[in-house]
Amino acid sequence: MNTDQLLIVTAISAYIVGTLALLNYLLSGVEISKRIGIPFAALGCAVQFTELLYRWQTSHIWPLTNLYGSLSLFAAMSVLIFIIFAVRYNLWFMGGFVLAIAAGFLAYALTWNEGYLPAVPALQSYWIKIHVPLVVSSYAAFMVAFVSAILYLIKYYGERSLENGGARSVAMQPAGAGGASLGGMELRTMAAPVAPRSIIVGDSPYLEQAAQQGNTLALWLATLPTLAKLDILTYRIVAVGLPLLTLGIITGAWWAKEAWGAYWQWDPKETAALISWIVYAMYMHLHTRNQWRGLRCAWLAAFGFVTIMFCYLGVNIWISGLHSYKM
Amino acid sequence: MTTSTAPGGGSSLLVQVRELFGELLAQLSNFWFGMLLLAVWGVMTLIGVIVDQGKDQSFYLTTYPAALARLVLRLHLENIYHSSGYVAMIGLIIACMTLATFKRVIPNRLPPLRPVKIDKIPLNATVLMPGDPATVRGRIESFFAERGWLVRKREAGGVEWTFADKYNWARRGVLIAHVGFIVIAAGTTMYWAWGYSGQTTIVSGNTVTIPENGAKFQLDRFAYRIDPIQTRSGTVFQPIDYVSYMHVTGKDGVTHSAVLRVNQPLDVDGTAYYQASYGFAVPFTVTRDGVPVAGTPQAPLREGEGFGIGQTSRSVRYARFVGTIDARGGIGADPRPNNPGVALDFFDGDQPIGQVLVPLERGLDLGNGYRLNVGRYTLYSGIQYRHDPGIPLVGIGAFVLLAGLCISFYFLPARLYVRVDEAAQGVAVGIAATTVKGYEIFEEQFQSLVEALRREAQPPAAAPRATVTVAEGVT
């Protein structure tokens with residue numbers, strides 16, 4: 001096993017251990033699992049970046065000229081963006097999903113690893129060091145947003161199932177009516193609601209009631225942030241991904257002007273990226289509406305990542321065009 | 001729609017037209033209409049990704065199922081991005097965006113300074129502070145001003161209100177993003193109006209003139225490099241470089257040498273020239289009983305070109321250059337001309353009748369005394385050119401759009417409403433917050449702000465906590 005392979009195996013192994021630890025933290029809330037998972041997530045990410053740098057240093061070939069390098073960066077950037085957000089917003093509960101997806105993509109990337117190939121003339125440009133990392137970083141941000149949106153949907157439909165199931169008989173009670181506390185602040189209920197979906201409400205009363213009755217699903221769902229917080233979290237991550245995607249498209253257009261003669265060629269990759277951009281632009285617009293904020297926007301964020309995958313892998317692998325750089 | 005008669009009579013039609021125009025503007029500036037247009041734009045773009053674009057009719061009829069091929073051709077989906085429907089859609093989006101910005105976004109996002117019912121706003125808190133109202137009001141104003149809030153005071157109904165705004169300027173982020181989009185569209189339109197583009201090929205030693213601007217390009221030499229690379233799947237022949245060494249004559253009539261490479265375009269009198277491709281031009285001659293047949297092409301052919309064979313119904317097309325014909329007479333993997341040949345497609349009328357691989361500098365017996373002779377290859381260079389006066393505008397628009405997005409996403413305009421009332425012990429400071437993106441997004445910052453104000457309210461040595469109350473909305 002050479003150094004390159006050793007680093008890849010180390011990264012995948014670290015992600016797998018991190019995935020298991022953080023999934024256990026998500027499911028059981030055991031603090032020690034989080035403490036184990038975090039260093040493994042950071043280790044896997046650091047090793048991946050080291051591996052990409054190692055490839056560059058040993059071959060003097062920029063490692064992002066093929067699908068392997070691009071997918072590898074995607075996995076590493078996903079974990080990096082997740083760690084940044086997790087540190088800022090304490091999101092370690094979703095780390096298991098992010099690391100699992102990153103490990104999956106890294107493993108899939110290996111199937112495209114053909115070794116060191118020099119870049120074709122079209123890729124011999126300094127723009128590859130700007131455009132590709134930007135675009136891949138945007139994909140990575142959207143992946144983290146996707147995980148956040150999926151957790152929103154899990155919690156939403158989990159609450160719905162509790163509402164429709166055993167907790168149906170629970171009388172509707174306002175959250176915090178019993179004097180719940182939030183950050184040392186005493187909460188009380190307003191008589192006349194003015195905001196239909198205020199964050200301050202917290203979890204559904206059905207969820208609280210079912211959790212008090214020892215319902216396993218409810219106990220687990222209660223460990224997740226409130227739906228409103230998950231919604232805002234998804235929004236914040238998309239708000240990172242969309243400017244990155246925009247900048248990626250702009251730099252790509254600039255590069256295309258130098259390489260192909262026109263900044264926009266209606267190449268399948270360009271147009272697929274435009275579709276993703278439109279979807280996320282719609283997400284940002286619709287998130288300003290109360291009736292769309294929450295469930296519908298979570299579905300849209302999840303759908304947005306599907307368009308990203310179509311743009312990233314579908315177009316590269318199945319549709320031929322100017323961006324068909326697999327090897 | 002209601003109708004009315006204007007003073008003086010006779011102008012009700014004008015009123016109706018105005019009302020109709022008003023309704024049209026209202027519809028175009030409607031948020032949901034804009035979202036619908038974006039969705040339709042996305043779907044139309046997706047069709048263009050899935051359906052092969054720019055192919056001729058026969059491609060669709062032979063490649064797609066018959067019904068789908070007919071659908072593609074009848075709806076003109078084979079060139080959707082340049083269809084009038086697609087262009088109209090973008091035009092409609094721009095109109096909608098412009099109207100929405102000026103009719104809805106800007107007016108809605110500049111609320112006047114007016115009192116509110118603090119406990120009716122979901123993000124609200126009450127902080128008890130020692131001191132008299134005037135002193136506390138002064139401390140609160142300093143507190144917010146120190147944290148970058150723009151503090152203003154208004155008196156309403158005998159009550160003095162304090163309003164604090166942050167990132168008020170960022171309310172223009174949407175406007176800036178929309179302007180960026182419109183500038184990009186304007187730049188694109190400039191290309192349609194005044195730009196041009198095209199492509200040409202130059203065989204080594206030849207000169208071509210660009211029809212749009214008269215520039216002359218003489219290809220002195222074309223060079224390429226393809227390296228065999230050993231990969232885990234086997235040997236790959238990877239193109240490394242290709243370059244045209246030329247002499248160029250511009251509008252000034254001065255000829256100078258130039259080198260054209262991929263990613264290194266050449267600018268001649270405002271038109272950019274790009275190294276796009278290369279190929280192998282091959283001369284063909286046809287003889288019958290040793291005598292040259294009329295109609296044989298005089299110049300070497302490029303891949304894809306063809307000609308008729310004498311007086312027969314048959315024709316031949318130079319399909320592709322083959323670098324290496326292997327020992328079994330098949331096409332070798334190495335594209336470099338080691339044992340070169342040409343793959344020729346033969347037709348009888350429109351019907352293909354077969355493909356033949358012919359080594360260069362050899363002949364092929366076609367029957368009835370006809371013989372096809374294949375000569376030596378000459379390299380040619382494929383060049384694209386483009387004159388696009390809209391590029392600076394597109395670039396500016398792109399960065400304006402990006403700036404607008406960043407302003408909109410990362411700077412949250414928020415307003416605090418503060419009212420100071422006398423209480424049993426000291427004063428009660430009621431605070432409420434609104435933002436342009438709902439309440440949830442500001443909750444964390446609001447709590448931090450209230451906590452900081454609570455700490456500010458305490459005398460340095462005092463231990464007990466102030467009572468902070470957050471009222472809440474209920475679903």
# chains A, B, ... in the order shown; residues from 1 in each chain; ligands from 1

$ residues_around --residues "Asp241 in chain B" --least-positions-apart "3" --cutoff "7 Å" --atoms "only C-alpha atoms" --output "ChimeraX atom specification"
/A:121 /B:224-225

$ write_last_selection --atoms "C-alpha atoms" --output "PDB file, in the first residue's frame"
ATOM      1  CA  PRO A 121      -5.241  21.282 -22.784  1.00  0.00           C
TER       2      PRO A 121
ATOM      3  CA  TYR B 224       0.278  18.814 -31.112  1.00  0.00           C
ATOM      4  CA  ARG B 225       1.401  16.498 -28.378  1.00  0.00           C
TER       5      ARG B 225
END

$ residues_around --residues "Trp92 in chain A" --least-positions-apart "6" --cutoff "10 Å" --atoms "only C-alpha atoms" --output "list in words"
Leu22, Leu23, Tyr25, Leu26, Lys34, Arg35, Gly37, Ile38, Phe82, Ile83, Phe85, Ala86 and Val98 of chain A

$ atom_distance --atom1 "CA of Lys153 in chain B" --atom2 "CA of Gln425 in chain B"
24.5 Å

$ residues_around --residues "Ala119 in chain A" --least-positions-apart "3" --cutoff "7 Å" --atoms "only C-alpha atoms" --output "JSON, numbers by chain"
{"A": [65, 123, 124], "B": [240]}

$ write_last_selection --atoms "C-alpha atoms" --output "short mmCIF file (atom, residue, chain, number, x, y, z; two decimals), in the first residue's frame"
data_model
loop_
_atom_site.label_atom_id
_atom_site.label_comp_id
_atom_site.auth_asym_id
_atom_site.auth_seq_id
_atom_site.Cartn_x
_atom_site.Cartn_y
_atom_site.Cartn_z
CA THR A 65 -8.65 17.61 -13.08
CA LEU A 123 -7.94 22.16 -18.20
CA GLN A 124 -4.46 23.66 -18.28
CA ILE B 240 -1.24 17.42 -23.70
#

$ residues_around --residues "range 63-76 of chain B" --least-positions-apart "4" --cutoff "12 Å" --atoms "only C-alpha atoms" --output "PyMOL selection string"
chain B and resi 44+47-48+50-59+80-86

$ interface_residues --of "chain B" --to "chain A" --cutoff "7 Å" --atoms "only C-alpha atoms" --output "ChimeraX atom specification"
/B:35,38,42,45-46,49,120-122,229,231-233,238-241,262-265,274,276,384-386,398,402,405-406,409,437,439-441,468-475

$ closest_residue --among "A:Leu53, A:Ala76, A:Val30, A:Ala273" --to "Met309 in chain A" --atoms "only C-alpha atoms"
A:Ala273

$ residues_around --residues "range 418-424 of chain B" --least-positions-apart "6" --cutoff "7 Å" --atoms "only C-alpha atoms" --output "CSV table (one decimal) with N, CA and C atoms, in the first residue's frame"
chain,number,residue,atom,x,y,z
B,133,PRO,N,-37.1,57.0,34.2
B,133,PRO,CA,-37.2,56.7,32.8
B,133,PRO,C,-36.3,57.5,31.9
B,137,ARG,N,-33.6,55.6,29.6
B,137,ARG,CA,-33.8,55.8,28.2
B,137,ARG,C,-32.4,56.2,27.6
B,161,TRP,N,-40.8,56.9,22.2
B,161,TRP,CA,-40.4,55.6,21.7
B,161,TRP,C,-38.9,55.7,21.2
B,162,THR,N,-38.2,54.7,21.4
B,162,THR,CA,-36.8,54.6,20.8
B,162,THR,C,-36.8,53.5,19.8
B,163,PHE,N,-36.3,53.8,18.6
B,163,PHE,CA,-36.2,52.9,17.5
B,163,PHE,C,-34.8,52.6,17.2
B,430,GLY,N,-39.6,47.7,27.7
B,430,GLY,CA,-40.2,46.7,26.8
B,430,GLY,C,-39.4,46.8,25.4
B,431,ILE,N,-39.0,45.7,24.9
B,431,ILE,CA,-38.3,45.6,23.6
B,431,ILE,C,-38.9,44.6,22.7
B,432,ALA,N,-39.1,45.0,21.5
B,432,ALA,CA,-39.6,44.0,20.5
B,432,ALA,C,-38.7,44.2,19.3

$ atom_distance --atom1 "CA of Lys155 in chain A" --atom2 "CA of Gly18 in chain A"
22.7 Å
